[in-house]
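This report refers to the structure that appears directly beneath it.
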Amino acid sequence: MKKTILLFLILCTVLSKSILANTQKVSLQLEWKHQFEFAGFYAAVEKGYYEDIGIELEIKEFHDGINISQDVLNGKSTFGISSSALILERLNNKPVVLIASYF
């Protein structure tokens, strides 16, 4: 639940410029299959919270072979949920930014 609240607040802050503009399409690459761990994101979509602030959120399930950091860097996904491996990406000079740490 903390993940959901923090990401929701971050998305609201980052994308606040689009609130009064047209709907902005945003994608979130999950770090695993659709499951209860990500229920907060699905609940927020169902309750219309993202829509209320002008965001059309696509939640993307993880599939083998996906490199979440690379997908975000290449623009295939807007945001990604990742693990501590993100630290290694940063140490390897990848321009990744950690928005929130949950554990």
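Labels for the structure tokens follow display order: chains A, B, ..., residues from 1 in each chain, ligands from 1.
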
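Excluding His34 (chain A) and any residue on its chain fewer than 6 positions from it, the residues at most 12 Å away by only C-alpha atoms are Leu28, Gly40, Phe41, Tyr42, Ile59, Lys60, Glu61, Phe62 and His63 of chain A.
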
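Considering only C-alpha atoms, the residue among A:Leu88, A:Val96, A:Ser101, A:Thr23 positioned nearest to Asp52 (chain A) is A:Thr23.
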
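Near region 68-81 of chain A, within 8 Å and counting only C-alpha atoms, sit A:Val26, A:Ser27, A:Leu28, A:Gln29, A:Leu30, A:Glu31, A:Leu86, A:Glu89, A:Pro95, A:Val96, not including residues fewer than 5 positions from it in the same chain.
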
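What separates CA of Ile53 (chain A) from CA of Trp32 (chain A) is a distance of 26.4 Å.
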
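Here CA of Gly48 (chain A) and CA of Lys33 (chain A) stand 22.4 Å from one another.
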